[in-house]
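These notes concern the structure reproduced below.
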Amino acid sequence: MLPEGWKEERLDELLKNKTITVHIDGNHGSFYPKKEEFVSSGVPYISANCIQNGRIDFQKCKFLAPEKADKLQKGIAKDGDVLFAHNATVGPVALLKTSEERVILSTTLTLYRCDPIKLNNSFLYQYMSSTYFDTQYESIMRQTTRNQVPITAQREFVFLLPPLPEQKKIAAILSTWDRAIEGTEKLLANSQQQKKALMQQLLTGKKRLPGFTGEWKKHRLSDFFVRLMQRNTSGNTNVVTISAQDGLVKQEEYFKKTVASETLDGYFLLENGDFAYNKSYSIGYPMGAIKRLNRYEKGVVTTLYICFRLKSHQFANGDFFEFYFDSGLMNYGLTQIAHEGGRAHGLLNVKPADFMHLQVTVPAVDEQEAIAAVLTRANEEITALESDLARLRQEKKALMQQLLTGKRRVTVD
């Protein structure tokens with residue numbers, strides 16, 4: 001049952017009674033701008049990929065010259081419109097905030113414009129960002145052969161609407177959470193940028209930590225590491241397989257192997273702290289990622305990898321080298337020997353011997369440890385902010401479930 005004073009209305013009804021005054025998608029057909037018609041500045045032209053966390057990232061948009069924009073008769077958005085991504089990328093919603101007189105939409109977006117005395121646009125944005133709304137467009141998508149929710153199908157959307165004062169109060173409460181989320185996102189982005197700058201300075205010696213003045217020296221990887229060749233054996237399933245999405249051995253993508261143990265036969269066996277480098281190009285496995293097993297005691301990787309382990313903690317710090325490999329400082333050397341191998345053998349493939357002979361310029365182990373400690377603290381700050389952000393998003397989601405369905409009512413002054 002609906003809460004007292006609430007209404008349930010379809011979009012076509014809201015259009016009929018002019019609660020929503022405009023519902024149109026972007027330009028297509030002969031009016032769709034050609035590639036050569038985009039310019040470096042002018043009237044913003046936005047698409048679904050410009051929506052980032054409920055906002056339009058204008059740094060990602062394209063631009064049209066005013067004279068070209070003047071020829072377009074539809075898909076013209078303005079400040080306060082609610083935008084819904086309905087094609088290819090389906091689901092993201094944004095409340096358009098802009099000082100521009102007009103913004104042009106691509107075919108991937110639909111705009112919703114409200115009559116402000118009947119429907120609060122911020123409330124509509126929050127409602128269309130909810131899981132209740134998600135289930136509606138997902139249901140429509142299941143009936144199509146591609147990821148899209150045509151504008152005609154959108155007319156079937158159902159909206160739960162409280163009285164206008166309650167809409168405004170709900171929107172204000174949820175907007176407070178949005179500001180907290182946005183603030184945490186900015187802190188996270190700043191911390192990530194600061195860590196990146198620190199890595200570029202500390203891992204190259206451009207910035208030295210207090211108390212360290214010794215000369216950095218060139219070494220081969222083989223000076224610090226030994227190559228691993230041990231293979232996994234039949235029956236040993238007390239390991240994790242390491243996937244390599246985008247060439248990265250990602251901690252969150254480790255998973256316990258549940259299939260028959262013989263499928264793990266012949267894989268290279270790693271122990272906690274070992275490194276693995278993807279040495280070959282393969283579909284879905286771009287060459288070049290060096291990552292470390294540091295969450296599980298045992299792991300296995302395919303023979304696409306060159307696996308290696310520290311010889312001694314007395315001369316090298318594993319945490320330092322994890323940051324060093326992540327920094328991209330070895331990319332040039334890796335690319336060079338890959339192409340040399342390609343010229344010699346007809347394919348891009350880093351030979352293990354060439355890999356182990358790559359040179360790195362690094363400080364003594366005590367400075368390595370100090371650098372690793374600084375970067376580890378930066379990582380911990382990032383992890384804490386990521387945790388805060390996840391918590392805020394989850395708490396807002398739970399609140400939306402209550403406020404946008406009327407299960408929890410607000411007091412209107």
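The chains in the structure tokens are called A, B, ... from first to last as shown; in each chain the residues are counted from 1, and the ligands are counted from 1 in the order shown.
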**Request:** Please provide the set of residues having any atom within 12 Å of Thr176 of chain A, restricted to only C-alpha atoms, with same-chain residues fewer than 6 positions apart removed, written as number ranges by chain.
**Result:** A: 122, 126, 169-170, 182-183, 392, 396, 399
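Neighbouring residues of His28 of chain A at 10 Å or closer, counting only C-alpha atoms and skipping chain neighbours under 4 positions away, are A:Tyr32, A:Pro33, A:Leu72, A:Lys74, A:Gly75, A:Leu105, A:Ser106, A:Thr107, A:Thr108.
Distance annotation: of A:Asp81, A:Glu101, A:Glu185, A:Asp388, the residue with the minimal separation from Gly42 of chain A is A:Glu101; atom set is only C-alpha atoms.
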**Request:** Give me the residues within 8 Å of Glu166 of chain A as a list of chain:residue names, counting only C-alpha atoms and dropping any in the same chain fewer than 3 places off.
**Result:** A:Pro162, A:Pro163, A:Lys169, A:Ile170, A:Val410, A:Thr411, A:Val412
**Prompt:** Could you name the residues that touch segment 326-331 of chain A at 12 Å or less, counting only C-alpha atoms, but leaving out those on the same chain fewer than 6 positions away, as JSON, numbers by chain?
**Reply:** {"A": [195, 196, 197, 198, 199, 200, 201, 202, 203, 204, 220, 221, 248, 249, 275, 277, 287, 288, 289, 290, 291, 292, 319, 320, 337, 338, 355, 358, 359, 360, 361, 362, 375]}
Pull N, CA and C atoms from the residues just selected and write them as a short mmCIF file (atom, residue, chain, number, x, y, z; two decimals), in the first residue's frame.
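Full text of part.cif as output:
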```cif
data_model
loop_
_atom_site.label_atom_id
_atom_site.label_comp_id
_atom_site.auth_asym_id
_atom_site.auth_seq_id
_atom_site.Cartn_x
_atom_site.Cartn_y
_atom_site.Cartn_z
N LYS A 195 50.17 10.22 -3.71
CA LYS A 195 50.96 8.99 -3.71
C LYS A 195 51.71 8.82 -5.04
N LYS A 196 51.02 9.12 -6.13
CA LYS A 196 51.65 9.00 -7.45
C LYS A 196 52.86 9.93 -7.55
N ALA A 197 52.69 11.15 -7.05
CA ALA A 197 53.81 12.11 -7.09
C ALA A 197 54.95 11.64 -6.19
N LEU A 198 54.60 11.12 -5.01
CA LEU A 198 55.63 10.59 -4.11
C LEU A 198 56.42 9.47 -4.76
N MET A 199 55.70 8.57 -5.43
CA MET A 199 56.38 7.45 -6.09
C MET A 199 57.36 7.95 -7.14
N GLN A 200 56.94 8.93 -7.92
CA GLN A 200 57.81 9.45 -8.97
C GLN A 200 59.04 10.13 -8.39
N GLN A 201 58.89 10.74 -7.21
CA GLN A 201 60.02 11.43 -6.61
C GLN A 201 60.93 10.48 -5.81
N LEU A 202 60.31 9.66 -4.95
CA LEU A 202 61.11 8.82 -4.05
C LEU A 202 61.75 7.64 -4.76
N LEU A 203 61.06 7.08 -5.76
CA LEU A 203 61.57 5.87 -6.41
C LEU A 203 62.61 6.17 -7.50
N THR A 204 62.82 7.44 -7.76
CA THR A 204 63.83 7.83 -8.74
C THR A 204 64.99 8.57 -8.08
N ARG A 220 71.33 -5.55 -11.74
CA ARG A 220 70.43 -6.38 -12.53
C ARG A 220 69.40 -7.00 -11.58
N LEU A 221 68.23 -7.29 -12.12
CA LEU A 221 67.23 -7.96 -11.27
C LEU A 221 67.78 -9.25 -10.69
N LEU A 248 46.87 -7.34 -14.90
CA LEU A 248 47.21 -7.08 -13.50
C LEU A 248 46.79 -8.25 -12.63
N VAL A 249 47.68 -8.66 -11.77
CA VAL A 249 47.34 -9.69 -10.79
C VAL A 249 46.67 -8.96 -9.63
N PHE A 275 56.85 -12.64 -6.75
CA PHE A 275 56.42 -11.76 -7.83
C PHE A 275 56.16 -12.57 -9.09
N TYR A 277 55.50 -11.82 -13.43
CA TYR A 277 55.48 -10.88 -14.55
C TYR A 277 54.86 -11.55 -15.77
N MET A 287 50.70 -7.58 -21.98
CA MET A 287 52.01 -7.80 -21.42
C MET A 287 52.43 -6.62 -20.54
N GLY A 288 53.18 -6.90 -19.50
CA GLY A 288 53.83 -5.83 -18.79
C GLY A 288 53.55 -5.69 -17.32
N ALA A 289 52.56 -6.39 -16.76
CA ALA A 289 52.24 -6.21 -15.35
C ALA A 289 53.12 -7.08 -14.47
N ILE A 290 53.69 -6.46 -13.44
CA ILE A 290 54.44 -7.21 -12.43
C ILE A 290 53.69 -7.03 -11.12
N LYS A 291 53.23 -8.12 -10.55
CA LYS A 291 52.49 -8.03 -9.30
C LYS A 291 52.97 -9.07 -8.31
N ARG A 292 52.51 -8.91 -7.09
CA ARG A 292 53.04 -9.70 -5.98
C ARG A 292 51.94 -10.46 -5.26
N ASP A 319 58.79 -4.86 -0.27
CA ASP A 319 57.77 -3.81 -0.38
C ASP A 319 58.26 -2.69 -1.30
N PHE A 320 59.54 -2.33 -1.18
CA PHE A 320 60.09 -1.31 -2.07
C PHE A 320 59.94 -1.72 -3.52
N ILE A 337 63.05 -4.90 -24.74
CA ILE A 337 63.45 -6.30 -24.91
C ILE A 337 62.33 -7.12 -25.53
N ALA A 338 61.07 -6.70 -25.34
CA ALA A 338 59.96 -7.40 -25.98
C ALA A 338 60.03 -7.24 -27.48
N PHE A 355 64.76 -10.79 -19.10
CA PHE A 355 64.04 -10.13 -18.02
C PHE A 355 64.93 -10.04 -16.78
N LEU A 358 67.53 -7.27 -16.72
CA LEU A 358 67.14 -5.87 -16.75
C LEU A 358 67.80 -5.12 -15.60
N GLN A 359 68.19 -3.85 -15.87
CA GLN A 359 68.85 -3.05 -14.85
C GLN A 359 67.86 -2.15 -14.11
N VAL A 360 68.10 -1.99 -12.82
CA VAL A 360 67.34 -1.06 -12.00
C VAL A 360 68.34 -0.23 -11.21
N THR A 361 68.01 1.04 -11.01
CA THR A 361 68.85 1.93 -10.21
C THR A 361 68.15 2.17 -8.89
N VAL A 362 68.74 1.66 -7.81
CA VAL A 362 68.06 1.66 -6.51
C VAL A 362 69.04 2.02 -5.40
N LEU A 375 55.52 5.08 1.50
CA LEU A 375 54.50 4.75 0.50
C LEU A 375 53.45 3.81 1.07
#
```
**Item:** Residue with smallest distance to Ala77 of chain A - pool A:Asn27, A:Gln192, A:Thr89, A:Thr131, counting only C-alpha atoms
**Value:**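 For Ala77 of chain A, the nearest of the given residues is A:Asn27.
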**Asked** Between atom CA of Glu386 of chain A and atom CA of Glu367 of chain A, what is the spacing in Å?
**Response**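 Straight-line distance from atom CA of Glu367 of chain A to atom CA of Glu386 of chain A works out to 28.7 Å.
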**Asked** If you measure from atom CA of Lys16 of chain A to atom CA of Asp70 of chain A, what distance in Å do you get, rounded to one decimal?
**Response**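 Atom CA of Asp70 of chain A lies 28.7 Å from atom CA of Lys16 of chain A.
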**Request:** For each of A:Asp178, A:Glu138, A:Glu271, A:Asp354, take the minimum atom-to-atom distance to Ile306 of chain A, counting only C-alpha atoms, then give the residue where this is smallest.
**Result:**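 Among the listed residues, the smallest separation from Ile306 of chain A belongs to A:Asp354.
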**Asked** Within 8 Å of Thr302 of chain A, counting only C-alpha atoms, which residues qualify if same-chain residues fewer than 4 places away don't, as a ChimeraX atom specification?
**Response** /A:266-268
Could you write out that same residue set with N, CA and C atoms as a short mmCIF file (atom, residue, chain, number, x, y, z; two decimals), in the first residue's frame?
```cif
data_model
loop_
_atom_site.label_atom_id
_atom_site.label_comp_id
_atom_site.auth_asym_id
_atom_site.auth_seq_id
_atom_site.Cartn_x
_atom_site.Cartn_y
_atom_site.Cartn_z
N GLY A 266 51.14 -28.26 -13.57
CA GLY A 266 52.05 -27.55 -14.45
C GLY A 266 52.09 -26.05 -14.23
N TYR A 267 51.16 -25.50 -13.46
CA TYR A 267 51.20 -24.07 -13.16
C TYR A 267 52.42 -23.78 -12.28
N PHE A 268 52.96 -22.56 -12.42
CA PHE A 268 54.04 -22.17 -11.52
C PHE A 268 53.48 -21.94 -10.12
#
```
